[in-house]
Amino acid sequence: MRTFAAMNEENCVRLLEEHDIKPTANRIVVVRALASSMLPQSLAELENRIGTIDKSNVFRALMLFKEHHLVHAIEGSGDGTKYELCHSHSHDHDDDQHPHFFCEVCQQTYCLEGMELPEIALPEGFLLHSANYMLKGVCPHCARK
């Protein structure tokens, strides 16, 4: 279950600072938009949701957030990369990786928090930086229709 929904400005500033990111007005707005969403958001969805910051500034904030492990970048969903806030409290590494589920009917991407990613033994010499585990099928809401 996502726990960011009621983030005020002070909490957003604290979260940005925990991740070693300077809390500018635009970055606070982007964090609040991500926090208030129940589902991961695409760049276009965030731009529409925010309305006051252009796409290039939203994108720059997301890339900085990704670099500092404040967001997950979820690839493999219907309309490109989606972003969600991490539960990690480190700017050095992401300690809350989890799988995601893409519904092929409603085109929504869902977090499967609390589920561990399978451990993969990489061949010698490979260094893993991140994992993106996407399951695809039909969500419970669409399956009931």
# chains A, B, ... in the order shown; residues from 1 in each chain; ligands from 1
$ residues_around --residues "region 102-114 of chain A" --least-positions-apart "3" --cutoff "12 Å" --atoms "only C-alpha atoms" --output "CSV table (one decimal) with all heavy atoms, in the first residue's frame"
chain,number,residue,atom,x,y,z
A,1,MET,N,0.8,-1.2,0.0
A,1,MET,CA,0.0,0.0,0.0
A,1,MET,C,0.9,1.2,0.0
A,1,MET,O,1.8,1.4,0.8
A,1,MET,CB,-0.9,0.0,1.2
A,1,MET,CG,-1.9,1.1,1.3
A,1,MET,SD,-3.0,1.0,-0.1
A,1,MET,CE,-4.5,0.7,0.8
A,2,ARG,N,0.6,2.2,-0.9
A,2,ARG,CA,1.4,3.4,-0.9
A,2,ARG,C,1.1,4.3,0.3
A,2,ARG,O,0.0,4.4,0.7
A,2,ARG,CB,1.0,4.1,-2.2
A,2,ARG,CG,1.4,3.2,-3.4
A,2,ARG,CD,1.2,3.9,-4.8
A,2,ARG,NE,1.9,5.1,-4.9
A,2,ARG,CZ,3.1,5.3,-5.3
A,2,ARG,NH1,3.8,4.2,-5.7
A,2,ARG,NH2,3.7,6.4,-5.5
A,3,THR,N,2.1,4.9,0.8
A,3,THR,CA,2.0,5.7,2.0
A,3,THR,C,2.4,7.2,1.9
A,3,THR,O,2.6,7.8,2.9
A,3,THR,CB,2.9,5.1,3.1
A,3,THR,OG1,4.3,5.1,2.7
A,3,THR,CG2,2.5,3.7,3.5
A,37,SER,N,-0.6,10.4,-6.2
A,37,SER,CA,-1.1,9.4,-7.1
A,37,SER,C,-1.1,8.0,-6.6
A,37,SER,O,-0.1,7.6,-5.9
A,37,SER,CB,-0.2,9.4,-8.4
A,37,SER,OG,-0.6,8.4,-9.3
A,38,MET,N,-2.1,7.3,-6.8
A,38,MET,CA,-2.2,5.9,-6.3
A,38,MET,C,-1.5,4.9,-7.3
A,38,MET,O,-1.2,3.8,-6.9
A,38,MET,CB,-3.7,5.5,-6.1
A,38,MET,CG,-4.4,6.2,-5.0
A,38,MET,SD,-3.6,6.2,-3.4
A,38,MET,CE,-3.7,4.4,-3.0
A,39,LEU,N,-1.3,5.4,-8.5
A,39,LEU,CA,-0.6,4.5,-9.5
A,39,LEU,C,0.6,5.3,-10.1
A,39,LEU,O,0.7,6.5,-10.0
A,39,LEU,CB,-1.6,4.2,-10.7
A,39,LEU,CG,-2.8,3.5,-10.3
A,39,LEU,CD1,-3.8,3.5,-11.5
A,39,LEU,CD2,-2.5,2.1,-9.9
A,40,PRO,N,1.6,4.5,-10.6
A,40,PRO,CA,2.7,5.2,-11.2
A,40,PRO,C,2.3,6.1,-12.4
A,40,PRO,O,1.3,5.8,-13.0
A,40,PRO,CB,3.6,4.0,-11.7
A,40,PRO,CG,3.2,2.8,-10.9
A,40,PRO,CD,1.7,3.0,-10.5
A,41,GLN,N,3.0,7.1,-12.6
A,41,GLN,CA,2.6,8.1,-13.6
A,41,GLN,C,3.6,8.3,-14.7
A,41,GLN,O,4.8,8.2,-14.4
A,41,GLN,CB,2.5,9.5,-12.9
A,41,GLN,CG,1.4,9.6,-11.8
A,41,GLN,CD,0.0,9.5,-12.3
A,41,GLN,OE1,-0.4,10.5,-13.0
A,41,GLN,NE2,-0.7,8.4,-12.1
A,42,SER,N,3.1,8.5,-15.9
A,42,SER,CA,4.0,8.8,-17.0
A,42,SER,C,4.4,10.3,-17.0
A,42,SER,O,3.8,11.1,-16.3
A,42,SER,CB,3.4,8.4,-18.4
A,42,SER,OG,2.3,9.4,-18.6
A,45,GLU,N,1.3,12.2,-18.0
A,45,GLU,CA,0.3,12.2,-16.9
A,45,GLU,C,0.8,13.2,-15.8
A,45,GLU,O,-0.1,14.0,-15.3
A,45,GLU,CB,0.2,10.8,-16.3
A,45,GLU,CG,-0.5,9.9,-17.2
A,45,GLU,CD,-0.5,8.4,-16.7
A,45,GLU,OE1,0.5,8.0,-16.1
A,45,GLU,OE2,-1.4,7.7,-17.0
A,72,HIS,N,11.3,5.2,-8.8
A,72,HIS,CA,11.5,4.1,-9.7
A,72,HIS,C,11.0,4.5,-11.1
A,72,HIS,O,10.0,5.2,-11.2
A,72,HIS,CB,10.5,2.9,-9.3
A,72,HIS,CG,10.8,2.3,-8.0
A,72,HIS,ND1,11.9,1.5,-7.8
A,72,HIS,CD2,10.1,2.4,-6.8
A,72,HIS,CE1,11.8,1.1,-6.5
A,72,HIS,NE2,10.8,1.6,-5.9
A,73,ALA,N,11.8,4.1,-12.1
A,73,ALA,CA,11.4,4.3,-13.5
A,73,ALA,C,10.9,2.9,-13.9
A,73,ALA,O,11.7,2.0,-14.0
A,73,ALA,CB,12.5,4.8,-14.3
A,74,ILE,N,9.7,2.8,-14.2
A,74,ILE,CA,9.1,1.5,-14.6
A,74,ILE,C,8.9,1.5,-16.1
A,74,ILE,O,8.1,2.2,-16.7
A,74,ILE,CB,7.7,1.3,-13.9
A,74,ILE,CG1,7.9,1.5,-12.4
A,74,ILE,CG2,7.1,0.0,-14.2
A,74,ILE,CD1,6.6,1.9,-11.7
A,75,GLU,N,9.6,0.6,-16.7
A,75,GLU,CA,9.5,0.4,-18.2
A,75,GLU,C,8.7,-0.8,-18.5
A,75,GLU,O,8.5,-1.7,-17.7
A,75,GLU,CB,10.9,0.3,-18.7
A,75,GLU,CG,11.8,1.5,-18.5
A,75,GLU,CD,13.3,1.3,-18.6
A,75,GLU,OE1,13.7,0.1,-19.1
A,75,GLU,OE2,14.1,2.2,-18.3
A,76,GLY,N,8.1,-0.8,-19.7
A,76,GLY,CA,7.4,-1.9,-20.2
A,76,GLY,C,5.9,-1.8,-20.0
A,76,GLY,O,5.2,-2.8,-20.2
A,77,SER,N,5.4,-0.6,-19.6
A,77,SER,CA,4.0,-0.4,-19.5
A,77,SER,C,3.5,0.1,-20.9
A,77,SER,O,4.2,0.4,-21.8
A,77,SER,CB,3.6,0.5,-18.4
A,77,SER,OG,4.2,1.8,-18.6
A,78,GLY,N,2.2,0.3,-21.0
A,78,GLY,CA,1.6,0.6,-22.3
A,78,GLY,C,2.0,1.9,-22.9
A,78,GLY,O,2.2,2.0,-24.1
A,79,ASP,N,2.2,3.0,-22.1
A,79,ASP,CA,2.5,4.3,-22.7
A,79,ASP,C,3.9,4.8,-22.3
A,79,ASP,O,4.1,5.9,-21.9
A,79,ASP,CB,1.5,5.3,-22.4
A,79,ASP,CG,1.3,5.6,-20.9
A,79,ASP,OD1,1.8,4.8,-20.1
A,79,ASP,OD2,0.5,6.5,-20.6
A,80,GLY,N,4.9,3.9,-22.3
A,80,GLY,CA,6.2,4.3,-22.0
A,80,GLY,C,6.6,4.2,-20.5
A,80,GLY,O,5.9,3.5,-19.7
A,81,THR,N,7.6,4.9,-20.1
A,81,THR,CA,8.1,4.8,-18.7
A,81,THR,C,7.2,5.5,-17.8
A,81,THR,O,6.6,6.6,-18.1
A,81,THR,CB,9.5,5.5,-18.7
A,81,THR,OG1,10.4,4.8,-19.6
A,81,THR,CG2,10.1,5.4,-17.3
A,82,LYS,N,6.9,4.9,-16.6
A,82,LYS,CA,6.1,5.4,-15.6
A,82,LYS,C,7.0,5.6,-14.4
A,82,LYS,O,8.0,4.9,-14.2
A,82,LYS,CB,5.0,4.5,-15.2
A,82,LYS,CG,4.0,4.3,-16.4
A,82,LYS,CD,2.6,4.6,-16.0
A,82,LYS,CE,1.7,4.4,-17.1
A,82,LYS,NZ,0.4,4.8,-16.8
A,83,TYR,N,6.7,6.5,-13.5
A,83,TYR,CA,7.5,6.9,-12.3
A,83,TYR,C,6.6,6.8,-11.1
A,83,TYR,O,5.5,7.1,-11.0
A,83,TYR,CB,8.0,8.3,-12.5
A,83,TYR,CG,8.9,8.5,-13.7
A,83,TYR,CD1,8.3,8.9,-14.9
A,83,TYR,CD2,10.2,8.2,-13.7
A,83,TYR,CE1,9.0,9.0,-16.1
A,83,TYR,CE2,11.0,8.3,-14.9
A,83,TYR,CZ,10.4,8.7,-16.0
A,83,TYR,OH,11.1,8.8,-17.2
A,84,GLU,N,7.3,6.3,-10.0
A,84,GLU,CA,6.7,6.3,-8.7
A,84,GLU,C,7.7,6.6,-7.6
A,84,GLU,O,8.9,6.4,-7.8
A,84,GLU,CB,6.0,5.0,-8.4
A,84,GLU,CG,7.1,3.9,-8.2
A,84,GLU,CD,6.5,2.5,-7.8
A,84,GLU,OE1,5.3,2.5,-7.3
A,84,GLU,OE2,7.1,1.5,-8.0
A,85,LEU,N,7.3,7.2,-6.5
A,85,LEU,CA,8.2,7.5,-5.4
A,85,LEU,C,8.7,6.2,-4.8
A,85,LEU,O,8.0,5.2,-4.7
A,85,LEU,CB,7.6,8.3,-4.3
A,85,LEU,CG,7.3,9.8,-4.6
A,85,LEU,CD1,6.6,10.4,-3.5
A,85,LEU,CD2,8.6,10.5,-5.0
A,86,CYS,N,10.0,6.1,-4.5
A,86,CYS,CA,10.6,5.0,-3.8
A,86,CYS,C,10.3,5.1,-2.3
A,86,CYS,O,10.2,6.2,-1.7
A,86,CYS,CB,12.1,4.9,-3.9
A,86,CYS,SG,12.6,4.6,-5.6
A,87,HIS,N,10.3,4.0,-1.6
A,87,HIS,CA,10.2,4.0,-0.1
A,87,HIS,C,11.6,4.0,0.5
A,87,HIS,O,11.7,4.0,1.7
A,87,HIS,CB,9.4,2.8,0.4
A,87,HIS,CG,8.0,2.8,0.0
A,87,HIS,ND1,7.1,3.5,0.8
A,87,HIS,CD2,7.3,2.3,-1.0
A,87,HIS,CE1,5.9,3.4,0.3
A,87,HIS,NE2,6.0,2.7,-0.8
A,96,ASP,N,14.0,-0.7,-2.0
A,96,ASP,CA,12.6,-1.2,-2.0
A,96,ASP,C,12.1,-1.6,-3.4
A,96,ASP,O,11.0,-1.4,-3.8
A,96,ASP,CB,11.6,-0.1,-1.5
A,96,ASP,CG,11.3,1.0,-2.5
A,96,ASP,OD1,12.1,1.3,-3.4
A,96,ASP,OD2,10.2,1.5,-2.4
A,97,GLN,N,13.0,-2.3,-4.1
A,97,GLN,CA,12.6,-2.7,-5.5
A,97,GLN,C,11.5,-3.8,-5.3
A,97,GLN,O,11.5,-4.6,-4.4
A,97,GLN,CB,13.8,-3.3,-6.2
A,97,GLN,CG,14.7,-2.2,-6.6
A,97,GLN,CD,15.9,-2.7,-7.5
A,97,GLN,OE1,15.8,-3.9,-7.9
A,97,GLN,NE2,16.8,-1.9,-7.7
A,98,HIS,N,10.5,-3.7,-6.2
A,98,HIS,CA,9.4,-4.6,-6.2
A,98,HIS,C,8.8,-4.8,-7.6
A,98,HIS,O,9.1,-4.0,-8.5
A,98,HIS,CB,8.3,-4.2,-5.3
A,98,HIS,CG,7.8,-2.8,-5.6
A,98,HIS,ND1,8.4,-1.7,-5.0
A,98,HIS,CD2,6.8,-2.3,-6.4
A,98,HIS,CE1,7.8,-0.6,-5.4
A,98,HIS,NE2,6.8,-0.9,-6.3
A,99,PRO,N,8.1,-5.9,-7.9
A,99,PRO,CA,7.6,-6.1,-9.2
A,99,PRO,C,6.3,-5.2,-9.5
A,99,PRO,O,5.8,-4.6,-8.6
A,99,PRO,CB,7.2,-7.5,-9.3
A,99,PRO,CG,7.0,-7.9,-7.8
A,99,PRO,CD,7.9,-7.0,-7.0
A,117,LEU,N,11.5,-9.4,-5.5
A,117,LEU,CA,12.0,-9.8,-6.8
A,117,LEU,C,12.7,-11.1,-6.7
A,117,LEU,O,13.4,-11.3,-5.7
A,117,LEU,CB,12.9,-8.7,-7.4
A,117,LEU,CG,12.2,-7.4,-7.7
A,117,LEU,CD1,13.3,-6.4,-8.2
A,117,LEU,CD2,11.2,-7.5,-8.8
A,132,ASN,N,14.0,-4.4,-13.3
A,132,ASN,CA,12.7,-3.9,-13.7
A,132,ASN,C,11.9,-5.2,-14.0
A,132,ASN,O,12.1,-5.8,-15.0
A,132,ASN,CB,12.8,-3.0,-14.9
A,132,ASN,CG,11.5,-2.4,-15.3
A,132,ASN,OD1,10.5,-2.5,-14.6
A,132,ASN,ND2,11.4,-1.6,-16.3
A,133,TYR,N,11.0,-5.5,-13.1
A,133,TYR,CA,10.3,-6.8,-13.2
A,133,TYR,C,8.8,-6.4,-13.5
A,133,TYR,O,8.1,-6.0,-12.6
A,133,TYR,CB,10.4,-7.6,-11.9
A,133,TYR,CG,10.1,-9.0,-12.1
A,133,TYR,CD1,10.9,-9.9,-12.7
A,133,TYR,CD2,8.9,-9.5,-11.6
A,133,TYR,CE1,10.6,-11.3,-12.8
A,133,TYR,CE2,8.5,-10.8,-11.7
A,133,TYR,CZ,9.4,-11.7,-12.3
A,133,TYR,OH,9.1,-13.1,-12.4
A,134,MET,N,8.3,-6.6,-14.7
A,134,MET,CA,7.0,-6.3,-15.1
A,134,MET,C,6.2,-7.5,-15.5
A,134,MET,O,6.6,-8.3,-16.3
A,134,MET,CB,7.0,-5.3,-16.3
A,134,MET,CG,5.7,-5.0,-16.9
A,134,MET,SD,4.7,-3.9,-15.8
A,134,MET,CE,5.6,-2.4,-15.9
A,135,LEU,N,5.1,-7.7,-14.8
A,135,LEU,CA,4.1,-8.8,-15.1
A,135,LEU,C,3.0,-8.2,-16.0
A,135,LEU,O,2.6,-7.0,-15.7
A,135,LEU,CB,3.6,-9.4,-13.9
A,135,LEU,CG,4.7,-10.0,-12.9
A,135,LEU,CD1,4.1,-10.2,-11.5
A,135,LEU,CD2,5.3,-11.2,-13.5
A,136,LYS,N,2.5,-8.9,-16.9
A,136,LYS,CA,1.4,-8.4,-17.7
A,136,LYS,C,0.2,-9.3,-17.8
A,136,LYS,O,0.4,-10.5,-17.7
A,136,LYS,CB,1.9,-8.1,-19.2
A,136,LYS,CG,2.9,-7.0,-19.2
A,136,LYS,CD,3.4,-6.7,-20.6
A,136,LYS,CE,4.4,-5.6,-20.6
A,136,LYS,NZ,4.7,-5.2,-22.0
A,137,GLY,N,-1.0,-8.8,-17.8
A,137,GLY,CA,-2.2,-9.6,-17.8
A,137,GLY,C,-3.4,-8.8,-17.6
A,137,GLY,O,-3.5,-7.7,-18.1
A,138,VAL,N,-4.4,-9.2,-16.8
A,138,VAL,CA,-5.6,-8.5,-16.5
A,138,VAL,C,-5.7,-8.3,-15.0
A,138,VAL,O,-5.6,-9.2,-14.2
A,138,VAL,CB,-6.8,-9.3,-17.0
A,138,VAL,CG1,-8.1,-8.6,-16.8
A,138,VAL,CG2,-6.6,-9.6,-18.5
A,139,CYS,N,-6.0,-7.1,-14.6
A,139,CYS,CA,-6.1,-6.7,-13.2
A,139,CYS,C,-7.5,-7.2,-12.7
A,139,CYS,O,-8.4,-7.6,-13.4
A,139,CYS,CB,-6.0,-5.2,-13.0
A,139,CYS,SG,-7.5,-4.2,-13.6
A,140,PRO,N,-7.6,-7.3,-11.3
A,140,PRO,CA,-8.9,-7.8,-10.8
A,140,PRO,C,-10.1,-7.1,-11.2
A,140,PRO,O,-11.2,-7.6,-11.4
A,140,PRO,CB,-8.7,-7.7,-9.3
A,140,PRO,CG,-7.2,-7.7,-9.1
A,140,PRO,CD,-6.7,-7.0,-10.3
A,141,HIS,N,-10.0,-5.7,-11.3
A,141,HIS,CA,-11.1,-4.9,-11.7
A,141,HIS,C,-11.6,-5.3,-13.1
A,141,HIS,O,-12.8,-5.4,-13.3
A,141,HIS,CB,-10.8,-3.4,-11.6
A,141,HIS,CG,-11.9,-2.5,-12.0
A,141,HIS,ND1,-13.0,-2.3,-11.3
A,141,HIS,CD2,-12.0,-1.8,-13.2
A,141,HIS,CE1,-13.8,-1.4,-12.0
A,141,HIS,NE2,-13.2,-1.1,-13.1
A,142,CYS,N,-10.7,-5.4,-14.0
A,142,CYS,CA,-11.1,-5.7,-15.4
A,142,CYS,C,-11.5,-7.1,-15.5
A,142,CYS,O,-12.4,-7.4,-16.4
A,142,CYS,CB,-9.9,-5.4,-16.3
A,142,CYS,SG,-9.5,-3.6,-16.5
A,143,ALA,N,-11.0,-8.0,-14.7
A,143,ALA,CA,-11.4,-9.4,-14.8
A,143,ALA,C,-12.8,-9.6,-14.4
A,143,ALA,O,-13.5,-10.6,-14.9
A,143,ALA,CB,-10.4,-10.3,-13.9
A,144,ARG,N,-13.3,-8.8,-13.5
A,144,ARG,CA,-14.7,-8.9,-13.0
A,144,ARG,C,-15.7,-8.4,-14.1
A,144,ARG,O,-16.9,-8.7,-14.0
A,144,ARG,CB,-14.9,-8.1,-11.7
A,144,ARG,CG,-14.3,-8.8,-10.5
A,144,ARG,CD,-14.8,-8.1,-9.2
A,144,ARG,NE,-14.3,-6.7,-9.1
A,144,ARG,CZ,-13.1,-6.4,-8.5
A,144,ARG,NH1,-12.3,-7.3,-8.0
A,144,ARG,NH2,-12.8,-5.1,-8.4
A,145,LYS,N,-15.3,-7.6,-15.0
A,145,LYS,CA,-16.2,-7.0,-16.0
A,145,LYS,C,-16.7,-8.1,-17.0
A,145,LYS,O,-16.1,-9.0,-17.3
A,145,LYS,CB,-15.5,-5.9,-16.8
A,145,LYS,CG,-15.3,-4.7,-16.0
A,145,LYS,CD,-14.6,-3.6,-16.8
A,145,LYS,CE,-14.3,-2.4,-16.0
A,145,LYS,NZ,-13.7,-1.4,-16.8
$ atom_distance --atom1 "CA of Met63 (chain A)" --atom2 "CA of Met7 (chain A)"
21.0 Å
$ residues_around --residues "Val29 (chain A)" --least-positions-apart "5" --cutoff "10 Å" --atoms "only C-alpha atoms" --output "PDB file with all heavy atoms, in the first residue's frame"
ATOM      1  N   GLU A   9       4.172  20.107   2.254  1.00  0.00           N
ATOM      2  CA  GLU A   9       5.423  20.666   1.744  1.00  0.00           C
ATOM      3  C   GLU A   9       6.610  20.319   2.637  1.00  0.00           C
ATOM      4  O   GLU A   9       7.689  19.978   2.150  1.00  0.00           O
ATOM      5  CB  GLU A   9       5.300  22.184   1.584  1.00  0.00           C
ATOM      6  CG  GLU A   9       6.520  22.789   0.924  1.00  0.00           C
ATOM      7  CD  GLU A   9       6.331  24.229   0.517  1.00  0.00           C
ATOM      8  OE1 GLU A   9       5.188  24.673   0.334  1.00  0.00           O
ATOM      9  OE2 GLU A   9       7.358  24.916   0.361  1.00  0.00           O
ATOM     10  N   CYS A  12       7.704  16.827   1.951  1.00  0.00           N
ATOM     11  CA  CYS A  12       8.357  16.757   0.644  1.00  0.00           C
ATOM     12  C   CYS A  12       9.786  17.267   0.728  1.00  0.00           C
ATOM     13  O   CYS A  12      10.709  16.660   0.179  1.00  0.00           O
ATOM     14  CB  CYS A  12       7.580  17.569  -0.391  1.00  0.00           C
ATOM     15  SG  CYS A  12       5.977  16.876  -0.835  1.00  0.00           S
ATOM     16  N   PRO A  23      15.747  21.077  -2.352  1.00  0.00           N
ATOM     17  CA  PRO A  23      14.286  21.193  -2.508  1.00  0.00           C
ATOM     18  C   PRO A  23      13.850  22.521  -3.145  1.00  0.00           C
ATOM     19  O   PRO A  23      13.542  23.482  -2.451  1.00  0.00           O
ATOM     20  CB  PRO A  23      13.770  21.068  -1.074  1.00  0.00           C
ATOM     21  CG  PRO A  23      14.901  21.527  -0.223  1.00  0.00           C
ATOM     22  CD  PRO A  23      16.163  21.213  -0.965  1.00  0.00           C
ATOM     23  N   THR A  24      13.813  22.571  -4.469  1.00  0.00           N
ATOM     24  CA  THR A  24      13.315  23.754  -5.165  1.00  0.00           C
ATOM     25  C   THR A  24      11.790  23.686  -5.260  1.00  0.00           C
ATOM     26  O   THR A  24      11.195  22.622  -5.056  1.00  0.00           O
ATOM     27  CB  THR A  24      13.906  23.844  -6.590  1.00  0.00           C
ATOM     28  OG1 THR A  24      13.426  22.729  -7.354  1.00  0.00           O
ATOM     29  CG2 THR A  24      15.438  23.852  -6.563  1.00  0.00           C
ATOM     30  N   LEU A  34       3.587  13.093  -7.486  1.00  0.00           N
ATOM     31  CA  LEU A  34       3.848  11.652  -7.418  1.00  0.00           C
ATOM     32  C   LEU A  34       3.250  11.052  -6.148  1.00  0.00           C
ATOM     33  O   LEU A  34       2.683   9.965  -6.174  1.00  0.00           O
ATOM     34  CB  LEU A  34       5.358  11.389  -7.458  1.00  0.00           C
ATOM     35  CG  LEU A  34       6.032  11.561  -8.809  1.00  0.00           C
ATOM     36  CD1 LEU A  34       7.542  11.598  -8.645  1.00  0.00           C
ATOM     37  CD2 LEU A  34       5.624  10.449  -9.761  1.00  0.00           C
ATOM     38  N   ALA A  35       3.386  11.760  -5.041  1.00  0.00           N
ATOM     39  CA  ALA A  35       2.896  11.257  -3.755  1.00  0.00           C
ATOM     40  C   ALA A  35       1.374  11.128  -3.729  1.00  0.00           C
ATOM     41  O   ALA A  35       0.841  10.220  -3.099  1.00  0.00           O
ATOM     42  CB  ALA A  35       3.361  12.177  -2.625  1.00  0.00           C
ATOM     43  N   ILE A  50       0.078  18.281 -12.983  1.00  0.00           N
ATOM     44  CA  ILE A  50       0.672  19.469 -12.366  1.00  0.00           C
ATOM     45  C   ILE A  50       0.136  20.731 -13.024  1.00  0.00           C
ATOM     46  O   ILE A  50      -0.326  21.645 -12.342  1.00  0.00           O
ATOM     47  CB  ILE A  50       2.216  19.404 -12.454  1.00  0.00           C
ATOM     48  CG1 ILE A  50       2.729  18.252 -11.586  1.00  0.00           C
ATOM     49  CG2 ILE A  50       2.829  20.726 -12.037  1.00  0.00           C
ATOM     50  CD1 ILE A  50       4.191  17.910 -11.786  1.00  0.00           C
ATOM     51  N   THR A  52       1.336  23.422 -14.038  1.00  0.00           N
ATOM     52  CA  THR A  52       2.061  24.683 -13.893  1.00  0.00           C
ATOM     53  C   THR A  52       3.538  24.577 -14.236  1.00  0.00           C
ATOM     54  O   THR A  52       4.245  25.577 -14.212  1.00  0.00           O
ATOM     55  CB  THR A  52       1.934  25.219 -12.453  1.00  0.00           C
ATOM     56  OG1 THR A  52       2.457  24.233 -11.554  1.00  0.00           O
ATOM     57  CG2 THR A  52       0.500  25.542 -12.109  1.00  0.00           C
ATOM     58  N   ILE A  53       4.010  23.381 -14.536  1.00  0.00           N
ATOM     59  CA  ILE A  53       5.418  23.181 -14.870  1.00  0.00           C
ATOM     60  C   ILE A  53       5.477  22.481 -16.222  1.00  0.00           C
ATOM     61  O   ILE A  53       4.778  21.496 -16.447  1.00  0.00           O
ATOM     62  CB  ILE A  53       6.132  22.305 -13.802  1.00  0.00           C
ATOM     63  CG1 ILE A  53       6.004  22.931 -12.419  1.00  0.00           C
ATOM     64  CG2 ILE A  53       7.596  22.123 -14.162  1.00  0.00           C
ATOM     65  CD1 ILE A  53       6.549  22.043 -11.309  1.00  0.00           C
ATOM     66  N   VAL A  58       9.666  19.021 -15.631  1.00  0.00           N
ATOM     67  CA  VAL A  58       9.210  17.807 -14.953  1.00  0.00           C
ATOM     68  C   VAL A  58      10.186  16.673 -15.256  1.00  0.00           C
ATOM     69  O   VAL A  58      10.603  15.942 -14.356  1.00  0.00           O
ATOM     70  CB  VAL A  58       7.771  17.419 -15.371  1.00  0.00           C
ATOM     71  CG1 VAL A  58       7.376  16.075 -14.772  1.00  0.00           C
ATOM     72  CG2 VAL A  58       6.775  18.504 -14.973  1.00  0.00           C
ATOM     73  N   ALA A  61      13.451  17.028 -13.337  1.00  0.00           N
ATOM     74  CA  ALA A  61      13.251  16.644 -11.935  1.00  0.00           C
ATOM     75  C   ALA A  61      13.222  15.127 -11.805  1.00  0.00           C
ATOM     76  O   ALA A  61      13.866  14.555 -10.918  1.00  0.00           O
ATOM     77  CB  ALA A  61      11.964  17.259 -11.389  1.00  0.00           C
TER      78      ALA A  61
END
$ select_by_dssp --residues "chain A" --states "alpha helix (DSSP H)" --output "PyMOL selection string"
chain A and resi 9-18+25-36+43-50+55-67+140-144
$ select_by_dssp --residues "chain A" --states "strand (DSSP E or B)" --output "JSON, numbers by chain"
{"A": [41, 42, 71, 72, 73, 74, 75, 76, 77, 80, 81, 82, 83, 84, 85, 100, 101, 102, 103, 109, 110, 111, 134, 135, 136, 137]}
$ closest_residue --among "A:Phe65, A:Ser130, A:Glu124, A:Met115" --to "Glu18 (chain A)" --atoms "only C-alpha atoms"
A:Phe65
